[in-house]
Structure formats: C-alpha cells, structure tokens
>>> print(open('query_4.csv').read())   # CSV, C-alpha atoms
chain,number,residue,atom,x,y,z
A,4,MET,CA,0.0,0.0,0.0
A,5,LYS,CA,1.4,3.4,-1.0
A,6,ARG,CA,0.3,5.5,1.9
A,7,PRO,CA,-0.8,3.3,4.8
A,8,LYS,CA,-1.3,6.3,7.1
A,9,ARG,CA,-4.5,7.2,5.2
A,10,LEU,CA,-6.1,4.1,6.8
A,11,LEU,CA,-6.2,6.1,10.0
A,12,TYR,CA,-8.8,8.5,8.7
A,13,GLN,CA,-10.5,6.8,5.7
A,14,THR,CA,-13.2,4.2,5.9
A,15,ASN,CA,-12.8,0.7,4.6
A,16,LYS,CA,-14.8,1.3,1.4
A,17,GLY,CA,-13.5,-1.8,-0.4
A,18,ALA,CA,-14.7,-4.4,2.2
A,19,TYR,CA,-17.9,-2.4,2.7
A,20,ALA,CA,-18.6,-2.6,-1.1
A,21,PHE,CA,-17.9,-6.4,-1.1
A,22,MET,CA,-20.4,-6.8,1.8
A,23,PHE,CA,-23.0,-4.9,-0.2
A,24,ILE,CA,-22.4,-7.2,-3.2
A,25,PHE,CA,-22.9,-10.1,-0.8
A,26,ILE,CA,-26.2,-8.6,0.3
A,27,ALA,CA,-27.4,-8.0,-3.3
A,28,CYS,CA,-26.5,-11.6,-4.2
A,29,LEU,CA,-28.3,-12.9,-1.1
A,30,VAL,CA,-31.4,-11.0,-2.0
A,31,ALA,CA,-31.3,-12.4,-5.6
A,32,TYR,CA,-30.7,-15.9,-4.2
A,33,THR,CA,-33.6,-15.6,-1.8
A,34,SER,CA,-36.0,-14.2,-4.4
A,35,PHE,CA,-35.4,-16.8,-7.0
A,36,VAL,CA,-35.4,-19.7,-4.5
A,37,LEU,CA,-38.6,-18.5,-2.8
A,38,LYS,CA,-40.3,-17.8,-6.1
A,39,SER,CA,-40.1,-21.4,-7.4
A,40,MET,CA,-39.6,-23.7,-4.4
A,41,GLN,CA,-42.4,-26.1,-3.2
A,42,VAL,CA,-44.6,-24.7,-0.5
A,43,ASP,CA,-43.8,-26.7,2.6
A,44,HIS,CA,-42.2,-26.3,6.0
A,45,MET,CA,-38.9,-25.4,4.4
A,46,ILE,CA,-40.2,-22.1,3.0
A,47,SER,CA,-40.3,-20.5,6.4
A,48,ALA,CA,-36.8,-21.8,7.3
A,49,VAL,CA,-35.3,-20.5,4.1
A,50,SER,CA,-37.1,-17.1,4.6
A,51,LEU,CA,-36.1,-16.7,8.2
A,52,ILE,CA,-32.4,-17.7,7.8
A,53,ASN,CA,-31.9,-15.4,4.8
A,54,ILE,CA,-33.7,-12.4,6.5
A,55,VAL,CA,-31.6,-12.8,9.6
A,56,MET,CA,-28.5,-13.1,7.5
A,57,LEU,CA,-29.4,-10.0,5.5
A,58,LEU,CA,-29.7,-8.0,8.8
A,59,ALA,CA,-26.5,-9.4,10.2
A,60,ALA,CA,-24.6,-8.8,6.9
A,61,PHE,CA,-25.6,-5.1,6.9
A,62,LEU,CA,-24.5,-4.7,10.5
A,63,THR,CA,-21.3,-6.5,9.8
A,64,ALA,CA,-20.7,-4.2,6.8
A,65,GLU,CA,-21.1,-1.1,9.0
A,66,GLU,CA,-18.6,-2.5,11.5
A,67,ILE,CA,-16.1,-3.5,8.8
A,68,LYS,CA,-16.3,0.0,7.3
A,69,VAL,CA,-14.8,1.5,10.5
A,70,TYR,CA,-12.1,-1.2,10.8
A,71,ASN,CA,-13.6,-3.1,13.7
A,72,ARG,CA,-11.2,-6.1,14.1
A,73,LYS,CA,-13.9,-8.2,15.9
A,74,PHE,CA,-15.9,-8.4,12.7
A,75,GLN,CA,-13.2,-9.1,10.1
A,76,PHE,CA,-13.8,-12.8,10.0
A,77,VAL,CA,-17.6,-12.8,10.3
A,78,PRO,CA,-18.1,-12.8,6.5
A,79,LEU,CA,-16.4,-16.2,6.5
A,80,LEU,CA,-19.4,-17.5,8.6
A,81,TYR,CA,-21.7,-16.0,6.0
A,82,ALA,CA,-19.7,-17.7,3.2
A,83,ALA,CA,-20.1,-21.0,5.0
A,84,ILE,CA,-23.8,-20.6,5.4
A,85,MET,CA,-24.2,-19.7,1.7
A,86,THR,CA,-22.1,-22.7,0.7
A,87,TYR,CA,-24.4,-24.9,2.7
A,88,GLN,CA,-27.4,-23.3,1.0
A,89,LEU,CA,-25.8,-23.7,-2.4
A,90,LEU,CA,-25.3,-27.4,-1.8
A,91,ASN,CA,-28.8,-27.9,-0.4
A,92,ILE,CA,-31.1,-25.9,-2.6
A,93,PRO,CA,-34.7,-26.7,-1.8
A,94,THR,CA,-36.8,-29.0,-4.0
A,95,GLY,CA,-38.8,-27.4,-6.7
A,96,VAL,CA,-36.2,-24.9,-7.8
A,97,ALA,CA,-35.4,-25.8,-11.4
A,98,GLY,CA,-34.5,-24.3,-14.8
A,99,GLY,CA,-33.5,-20.7,-15.0
A,100,ASP,CA,-34.3,-20.0,-11.4
A,101,LEU,CA,-31.9,-22.7,-10.3
A,102,ILE,CA,-29.1,-21.4,-12.5
A,103,ILE,CA,-29.6,-17.8,-11.2
A,104,ALA,CA,-29.8,-19.0,-7.6
A,105,LYS,CA,-26.5,-21.0,-7.9
A,106,ILE,CA,-24.7,-18.1,-9.6
A,107,SER,CA,-25.9,-15.6,-7.0
A,108,ALA,CA,-24.9,-18.0,-4.2
A,109,ILE,CA,-21.4,-18.4,-5.7
A,110,LEU,CA,-21.0,-14.7,-6.1
A,111,ALA,CA,-22.1,-14.2,-2.5
A,112,VAL,CA,-19.5,-16.6,-1.2
A,113,VAL,CA,-16.8,-15.0,-3.3
A,114,SER,CA,-17.7,-11.5,-2.2
A,115,ALA,CA,-17.8,-12.6,1.5
A,116,PHE,CA,-14.3,-14.1,1.2
A,117,ALA,CA,-13.1,-10.9,-0.5
A,118,ALA,CA,-14.7,-8.7,2.2
A,119,SER,CA,-13.1,-10.7,5.0
A,120,GLY,CA,-9.7,-10.9,3.2
A,121,LEU,CA,-9.6,-7.2,2.5
A,122,SER,CA,-10.7,-6.3,6.0
A,123,TYR,CA,-8.0,-8.5,7.5
A,124,PHE,CA,-5.3,-7.1,5.2
A,125,ARG,CA,-6.2,-3.4,5.9
A,126,ASN,CA,-6.6,-4.0,9.6
A,127,ARG,CA,-3.2,-5.5,9.8
A,128,ILE,CA,-1.6,-2.6,8.0
A,129,ARG,CA,-3.6,-0.1,10.1
A,130,ALA,CA,-2.5,-1.8,13.4
A,131,LYS,CA,1.1,-1.7,12.2
A,132,VAL,CA,0.9,2.1,11.5
A,133,ILE,CA,-0.7,2.7,14.9
A,134,ALA,CA,2.0,0.8,16.7
A,135,GLU,CA,4.9,2.4,14.8
A,136,ASN,CA,3.6,5.9,15.3
A,137,ASN,CA,2.4,5.4,19.0
A,138,ILE,CA,-1.1,6.6,18.2
A,139,GLY,CA,-3.5,6.4,21.1
A,140,LYS,CA,-7.2,5.7,21.0
A,141,SER,CA,-8.0,9.4,21.7
A,142,GLN,CA,-6.3,10.4,18.4
A,143,LEU,CA,-8.4,7.9,16.3
A,144,THR,CA,-12.0,8.7,15.3
A,145,LYS,CA,-14.6,6.0,14.9
>>> encode(input="query_4.csv", output="structure tokens")
Amino acid sequence: MKRPKRLLYQTNKGAYAFMFIFIACLVAYTSFVLKSMQVDHMISAVSLINIVMLLAAFLTAEEIKVYNRKFQFVPLLYAAIMTYQLLNIPTGVAGGDLIIAKISAILAVVSAFAASGLSYFRNRIRAKVIAENNIGKSQLTK
C-alpha cells in the first residue's frame, strides 16, 4: 500500500462494497429460491435464515467499514452458510431460477471471502501504522 497512514482517517470502502455485493447476491438468491420452491415447512426456514443473515450482513458491513477487528472474520461465517445453502437448494427450484440461484450464491460466497480478506489485510496494515507511530485511541476517530 502506497500510503498506509491514510487508513487512519479513511473508511474501509472496499470491504464495505464487497459486503453490499454479498447482500445483493443474497437478495437475488432468496428471491429466486422462494419464487419457485415447493410450498412446505422449508419455505419458512429459508425465509427466516436469509432475512436474519441480511440484517447481520448489513450490521457487519457497517462495522467493517470502521475497521472493527472483531468483525473481520464474520463474513467467513456468511460464506459457510451460503455454501451450505448452495449445496442444499430446496426442492422445486429448477430451470433458469436454479441457475440464477446458484450463480448468485457463488457470487455471494466469493464476495464474502473478498470482504473478509480485504478487511484482514487493511486492519493488519492499520495496526502496524498505529503501533509504529504510537497513536492512542483518543487520536483515532470512529
């Protein structure tokens, strides 16, 4: 990175953008799966899991944006959940809806990995700059 000191006052826009790509892919996946899956007890489980994950992903994106180290690996959990959903698509989803659901799930997994990796990379550089320059918490803004 050319100027690592800029991480002290700029937000983590890259990881934030990847989290919003994840959210968009999750919305697409949920829409196409719910549109064509069979109506049974699984429809409520799929709906509830994905709605909770949408809310959690948004809150994680907000924390990643301000370099909160506690949340840098949370997108890996979302990637694992999406991988599970990709491997266990409900019955009744077929044709074009199945293809779009699979593509959006794969893109969601990739964007979650990218968000986590970029957040980890930038947090590591930022921590190094803070340690080298003896910057206290009162000098950092959140």
>>> closest_residue(input="query_4.csv", among="A:Ala115, A:Asn53, A:Val42, A:Gln75", to="Arg127 in chain A", atoms="all atoms listed in the file")
A:Gln75
>>> closest_residue(input="query_4.csv", among="A:Asn137, A:Met22, A:Ala118, A:Thr33", to="Leu51 in chain A", atoms="all atoms listed in the file")
A:Thr33
>>> residues_around(input="query_4.csv", residues="Asn91 in chain A", least_positions_apart="4", cutoff="12 Å", atoms="all atoms listed in the file", output="list in words")
Val36, Met45, Val49, Ile84, Met85, Thr86, Tyr87, Gly95, Val96, Leu101, Ala104, Lys105 and Ala108 of chain A
>>> closest_residue(input="query_4.csv", among="A:Phe124, A:Ile24, A:Ile109, A:Ala48", to="Leu90 in chain A", atoms="only C-alpha atoms")
A:Ile109
>>> residues_near_point(input="query_4.csv", point="(-15.2, -6.6, 0.5)", cutoff="9 Å", atoms="only C-alpha atoms", output="PyMOL selection string")
chain A and resi 15-25+64+67+114-122
>>> closest_residue(input="query_4.csv", among="A:Gly99, A:Asn136, A:Arg125, A:Thr94", to="His44 in chain A", atoms="all atoms listed in the file")
A:Thr94
